[in-house]
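I have placed the structure first, in the form of C-alpha cells, so that the comments after it can refer back to it.
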Amino acid sequence: MASYSTQDAEGCSASGSIAVLNSGDAFYQCVTTSLTPNAAYKTGFLYKNAAGSGTAYCGYIFYDGFNCSGNELTNFALGASSDGTTWAAGTNTGTLPAGTTSISILCDAFLGTGYYDEIYFNQSSTSTF
C-alpha cells in the first residue's frame, strides 16, 4: 500500500511524497476535469529509489468514457531511474487524443521501491506549449 513520507524533492518540511516501498505497492488517479482534446500536454513526476538504484514506472491510459472507463484511445508508460541519492525526473509531452474524457495514471513498485513527488499533468490551450 502506498503511504505518505516526509521525503521531499525540494526538501520542504511542510510537504512530502508518496512512498511505494513494497513490491506490488501502487497508487492510482483518474483525471476527469479540464481535459481539452487535441491540445498539448506535459506530464511527469520525480522519483527517488528507497535503497540503491531502481526504476519507477507510471502508466497512462486515455479513455473516451468518464471516470476512466469506456474505450482505450491510447496509452504509454513513463519511467525514471534513480541511484537512491538523487531525485530523477520522468517526463513526457504529447497531444491529447480526440475524444479523450478521462486519463488513468497508475504508478507502482514493480521494478523499484521508493518515493514519488511533484506528479503533474498540465495542458496548453493550444496544440503546442
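Lettering and numbering for the C-alpha cells are positional, with chains as A, B, ... in the shown order, residues counted from 1 in each chain, and ligands counted from 1 in the shown order.
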Got a sec: who's within 8 Å of Gly79 (chain A), counting only C-alpha atoms, leaving out chain neighbours fewer than 5 positions off, as a PDB file with all heavy atoms, in the first residue's frame?
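And here is the file that came out, around36.pdb:
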ATOM      1  N   THR A  55      14.188   1.727 -10.839  1.00  0.00           N
ATOM      2  CA  THR A  55      13.409   2.444 -11.832  1.00  0.00           C
ATOM      3  C   THR A  55      11.937   2.469 -11.435  1.00  0.00           C
ATOM      4  O   THR A  55      11.392   1.451 -11.018  1.00  0.00           O
ATOM      5  CB  THR A  55      13.557   1.780 -13.214  1.00  0.00           C
ATOM      6  OG1 THR A  55      14.944   1.749 -13.558  1.00  0.00           O
ATOM      7  CG2 THR A  55      12.793   2.540 -14.278  1.00  0.00           C
ATOM      8  N   ALA A  56      11.342   3.627 -11.580  1.00  0.00           N
ATOM      9  CA  ALA A  56       9.919   3.808 -11.311  1.00  0.00           C
ATOM     10  C   ALA A  56       9.167   3.885 -12.628  1.00  0.00           C
ATOM     11  O   ALA A  56       9.703   4.366 -13.635  1.00  0.00           O
ATOM     12  CB  ALA A  56       9.698   5.095 -10.535  1.00  0.00           C
ATOM     13  N   TYR A  57       7.929   3.418 -12.625  1.00  0.00           N
ATOM     14  CA  TYR A  57       7.083   3.497 -13.809  1.00  0.00           C
ATOM     15  C   TYR A  57       5.694   3.981 -13.441  1.00  0.00           C
ATOM     16  O   TYR A  57       5.141   3.593 -12.410  1.00  0.00           O
ATOM     17  CB  TYR A  57       6.954   2.129 -14.479  1.00  0.00           C
ATOM     18  CG  TYR A  57       8.196   1.713 -15.206  1.00  0.00           C
ATOM     19  CD1 TYR A  57       9.120   0.873 -14.608  1.00  0.00           C
ATOM     20  CD2 TYR A  57       8.457   2.184 -16.486  1.00  0.00           C
ATOM     21  CE1 TYR A  57      10.276   0.503 -15.258  1.00  0.00           C
ATOM     22  CE2 TYR A  57       9.618   1.817 -17.148  1.00  0.00           C
ATOM     23  CZ  TYR A  57      10.513   0.980 -16.527  1.00  0.00           C
ATOM     24  OH  TYR A  57      11.661   0.620 -17.166  1.00  0.00           O
ATOM     25  N   CYS A  58       5.152   4.821 -14.313  1.00  0.00           N
ATOM     26  CA  CYS A  58       3.749   5.210 -14.236  1.00  0.00           C
ATOM     27  C   CYS A  58       3.137   4.925 -15.599  1.00  0.00           C
ATOM     28  O   CYS A  58       3.737   5.240 -16.639  1.00  0.00           O
ATOM     29  CB  CYS A  58       3.590   6.690 -13.912  1.00  0.00           C
ATOM     30  SG  CYS A  58       4.102   7.133 -12.239  1.00  0.00           S
ATOM     31  N   GLY A  90      10.854  11.833 -14.593  1.00  0.00           N
ATOM     32  CA  GLY A  90      10.222  11.151 -15.720  1.00  0.00           C
ATOM     33  C   GLY A  90       9.273  12.157 -16.349  1.00  0.00           C
ATOM     34  O   GLY A  90       8.426  12.718 -15.640  1.00  0.00           O
TER      35      GLY A  90
END
Polymer residues at most 10 Å from Ser17 (chain A), only C-alpha atoms, same-chain spacing of 6 or more positions, as a short mmCIF file (atom, residue, chain, number, x, y, z; two decimals) with C-alpha atoms, in the first residue's frame:
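Once written, selection09.cif looks like this:
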data_model
loop_
_atom_site.label_atom_id
_atom_site.label_comp_id
_atom_site.auth_asym_id
_atom_site.auth_seq_id
_atom_site.Cartn_x
_atom_site.Cartn_y
_atom_site.Cartn_z
CA SER A 3 1.69 5.87 2.04
CA TYR A 4 2.81 9.39 3.00
CA SER A 5 6.52 10.05 3.50
CA THR A 6 8.42 13.09 4.77
CA GLN A 7 10.95 12.58 1.91
CA ASP A 8 10.55 15.63 -0.35
CA ALA A 9 12.25 16.51 -3.65
CA LEU A 46 10.12 12.97 -9.63
CA TYR A 47 11.36 9.66 -8.20
CA LYS A 48 13.98 8.65 -5.65
CA GLY A 114 10.87 4.46 -3.48
CA TYR A 115 9.30 7.89 -3.36
CA TYR A 116 7.21 9.82 -5.91
CA ASP A 117 6.90 13.61 -5.74
CA GLU A 118 5.69 16.56 -7.84
CA ILE A 119 3.35 14.46 -10.00
#
Would you please extract all strand (DSSP E) residues from region 61-117 of chain A, as assigned by DSSP on the backbone, and give them as a compact mmCIF listing (two decimals) with N, CA and C atoms, in the first residue's frame?
# COMPACT_ATOMS: atom_id res chain seq x y z
N ILE A 61 -3.31 5.82 -19.34
CA ILE A 61 -4.29 5.31 -20.31
C ILE A 61 -5.33 6.39 -20.56
N PHE A 62 -5.55 6.72 -21.81
CA PHE A 62 -6.50 7.75 -22.22
C PHE A 62 -7.81 7.06 -22.65
N TYR A 63 -8.93 7.47 -22.04
CA TYR A 63 -10.24 6.85 -22.29
C TYR A 63 -11.22 7.84 -22.92
N GLU A 72 -10.29 2.40 -24.66
CA GLU A 72 -8.94 2.92 -24.52
C GLU A 72 -8.52 3.53 -25.85
N LEU A 73 -8.15 4.81 -25.83
CA LEU A 73 -7.75 5.51 -27.05
C LEU A 73 -6.26 5.34 -27.34
N THR A 74 -5.45 5.42 -26.30
CA THR A 74 -4.01 5.22 -26.42
C THR A 74 -3.43 5.06 -25.01
N ASN A 75 -2.16 4.68 -24.93
CA ASN A 75 -1.52 4.55 -23.62
C ASN A 75 -0.01 4.67 -23.78
N PHE A 76 0.68 4.94 -22.68
CA PHE A 76 2.13 4.91 -22.66
C PHE A 76 2.60 4.71 -21.22
N ALA A 77 3.84 4.25 -21.08
CA ALA A 77 4.48 4.11 -19.78
C ALA A 77 5.61 5.14 -19.69
N LEU A 78 5.75 5.73 -18.52
CA LEU A 78 6.76 6.74 -18.28
C LEU A 78 7.66 6.26 -17.16
N GLY A 79 8.98 6.27 -17.39
CA GLY A 79 9.91 5.76 -16.39
C GLY A 79 10.93 6.80 -15.94
N ALA A 80 11.49 6.56 -14.76
CA ALA A 80 12.58 7.38 -14.24
C ALA A 80 13.49 6.48 -13.43
N SER A 81 14.81 6.57 -13.64
CA SER A 81 15.77 5.76 -12.91
C SER A 81 16.52 6.62 -11.90
N SER A 82 16.62 6.11 -10.67
CA SER A 82 17.28 6.83 -9.59
C SER A 82 18.39 5.98 -8.98
N ALA A 88 15.10 11.73 -9.63
CA ALA A 88 15.16 11.65 -11.09
C ALA A 88 13.80 12.01 -11.66
N ALA A 89 13.80 12.66 -12.82
CA ALA A 89 12.56 13.09 -13.46
C ALA A 89 12.14 12.13 -14.56
N GLY A 90 10.85 11.83 -14.59
CA GLY A 90 10.22 11.15 -15.72
C GLY A 90 9.27 12.16 -16.35
N THR A 91 9.44 12.46 -17.64
CA THR A 91 8.60 13.46 -18.30
C THR A 91 8.16 12.99 -19.68
N ASN A 92 7.06 13.55 -20.13
CA ASN A 92 6.56 13.25 -21.47
C ASN A 92 5.69 14.42 -21.95
N THR A 93 5.68 14.63 -23.26
CA THR A 93 4.80 15.62 -23.86
C THR A 93 4.05 14.94 -25.00
N GLY A 94 2.92 15.50 -25.36
CA GLY A 94 2.14 14.95 -26.46
C GLY A 94 0.91 15.79 -26.71
N THR A 95 0.01 15.23 -27.51
CA THR A 95 -1.27 15.87 -27.79
C THR A 95 -2.37 14.94 -27.33
N SER A 102 -11.18 11.15 -20.00
CA SER A 102 -10.54 10.82 -18.73
C SER A 102 -9.19 10.13 -18.99
N ILE A 103 -8.30 10.23 -17.98
CA ILE A 103 -6.97 9.64 -18.07
C ILE A 103 -6.67 8.91 -16.77
N SER A 104 -6.27 7.66 -16.89
CA SER A 104 -5.86 6.85 -15.75
C SER A 104 -4.35 6.94 -15.60
N ILE A 105 -3.89 7.25 -14.37
CA ILE A 105 -2.46 7.27 -14.09
C ILE A 105 -2.21 6.29 -12.94
N LEU A 106 -1.41 5.25 -13.21
CA LEU A 106 -1.10 4.22 -12.22
C LEU A 106 0.42 4.12 -12.07
N CYS A 107 0.91 4.33 -10.86
CA CYS A 107 2.34 4.22 -10.58
C CYS A 107 2.54 3.08 -9.60
N ASP A 108 3.58 2.26 -9.84
CA ASP A 108 3.76 1.10 -8.96
C ASP A 108 5.22 0.80 -8.68
N GLY A 114 10.35 3.14 -3.78
CA GLY A 114 10.87 4.46 -3.48
C GLY A 114 9.78 5.49 -3.30
N TYR A 115 10.13 6.73 -3.65
CA TYR A 115 9.30 7.89 -3.36
C TYR A 115 8.96 8.65 -4.64
N TYR A 116 7.70 9.04 -4.77
CA TYR A 116 7.21 9.82 -5.91
C TYR A 116 6.83 11.20 -5.41
N ASP A 117 7.21 12.25 -6.14
CA ASP A 117 6.90 13.61 -5.74
C ASP A 117 6.63 14.45 -6.98
For Phe27 (chain A), the nearest of the candidates A:Ala2, A:Leu96, A:Ala14, A:Ala39, counting only C-alpha atoms:
A:Ala2
Can you list, as a short mmCIF file (atom, residue, chain, number, x, y, z; two decimals) with all heavy atoms, in the first residue's frame, every protein, DNA or RNA residue that comes within 9 Å of Gly52 (chain A) when you count only C-alpha atoms, leaving out same-chain residues fewer than 3 positions away?
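Resulting contents of result-v1.cif:
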data_model
loop_
_atom_site.label_atom_id
_atom_site.label_comp_id
_atom_site.auth_asym_id
_atom_site.auth_seq_id
_atom_site.Cartn_x
_atom_site.Cartn_y
_atom_site.Cartn_z
N ASN A 49 14.76 6.37 -5.53
CA ASN A 49 14.72 4.98 -5.10
C ASN A 49 15.00 4.89 -3.60
O ASN A 49 15.78 5.67 -3.05
CB ASN A 49 15.73 4.14 -5.89
CG ASN A 49 15.41 2.67 -5.82
OD1 ASN A 49 14.30 2.27 -6.17
ND2 ASN A 49 16.34 1.87 -5.35
N SER A 82 16.62 6.11 -10.67
CA SER A 82 17.28 6.83 -9.59
C SER A 82 18.39 5.98 -8.98
O SER A 82 18.26 4.77 -8.88
CB SER A 82 16.25 7.19 -8.51
OG SER A 82 16.87 7.64 -7.33
N ASP A 83 19.45 6.65 -8.55
CA ASP A 83 20.55 5.96 -7.89
C ASP A 83 20.33 5.85 -6.38
O ASP A 83 21.16 5.33 -5.65
CB ASP A 83 21.88 6.65 -8.17
CG ASP A 83 21.93 8.08 -7.66
OD1 ASP A 83 21.00 8.52 -6.93
OD2 ASP A 83 22.90 8.78 -7.99
N GLY A 84 19.21 6.36 -5.90
CA GLY A 84 18.88 6.29 -4.48
C GLY A 84 19.36 7.48 -3.67
O GLY A 84 18.99 7.63 -2.52
N THR A 85 20.18 8.34 -4.28
CA THR A 85 20.65 9.54 -3.56
C THR A 85 20.07 10.82 -4.12
O THR A 85 20.05 11.84 -3.44
CB THR A 85 22.18 9.63 -3.58
OG1 THR A 85 22.63 9.75 -4.93
CG2 THR A 85 22.82 8.41 -2.92
#
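For the residues A:Ala109, A:Cys68, A:Pro97, A:Glu10, ranking by smallest atom-to-atom distance to Tyr41 (chain A) using only C-alpha atoms places A:Pro97 first.
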May I have the residues within 12 Å of Ala40 (chain A) as a list in words, using only C-alpha atoms and disregarding those fewer than 2 positions away in the same chain?
Leu35, Thr36, Pro37, Asn38, Lys42, Thr43, Asn92, Thr93, Gly94, Thr95, Leu96, Pro97, Ala98, Phe121, Asn122, Gln123, Ser124, Ser125, Thr126, Ser127, Thr128 and Phe129 of chain A
What separates CA of Ser53 (chain A) and CA of Ser23 (chain A) is a distance of 14.6 Å
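Proximity ranking of A:Leu21, A:Thr32, A:Ser13, A:Thr113 relative to Asp64 (chain A) places A:Thr32 first, based on only C-alpha atoms.
Note that the spacing between CA of Val20 (chain A) and CA of Gly65 (chain A) amounts to 28.7 Å.
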Separating CA of Thr86 (chain A) from CA of Gly24 (chain A), to the nearest tenth of an Å, is a gap of 22.8 Å
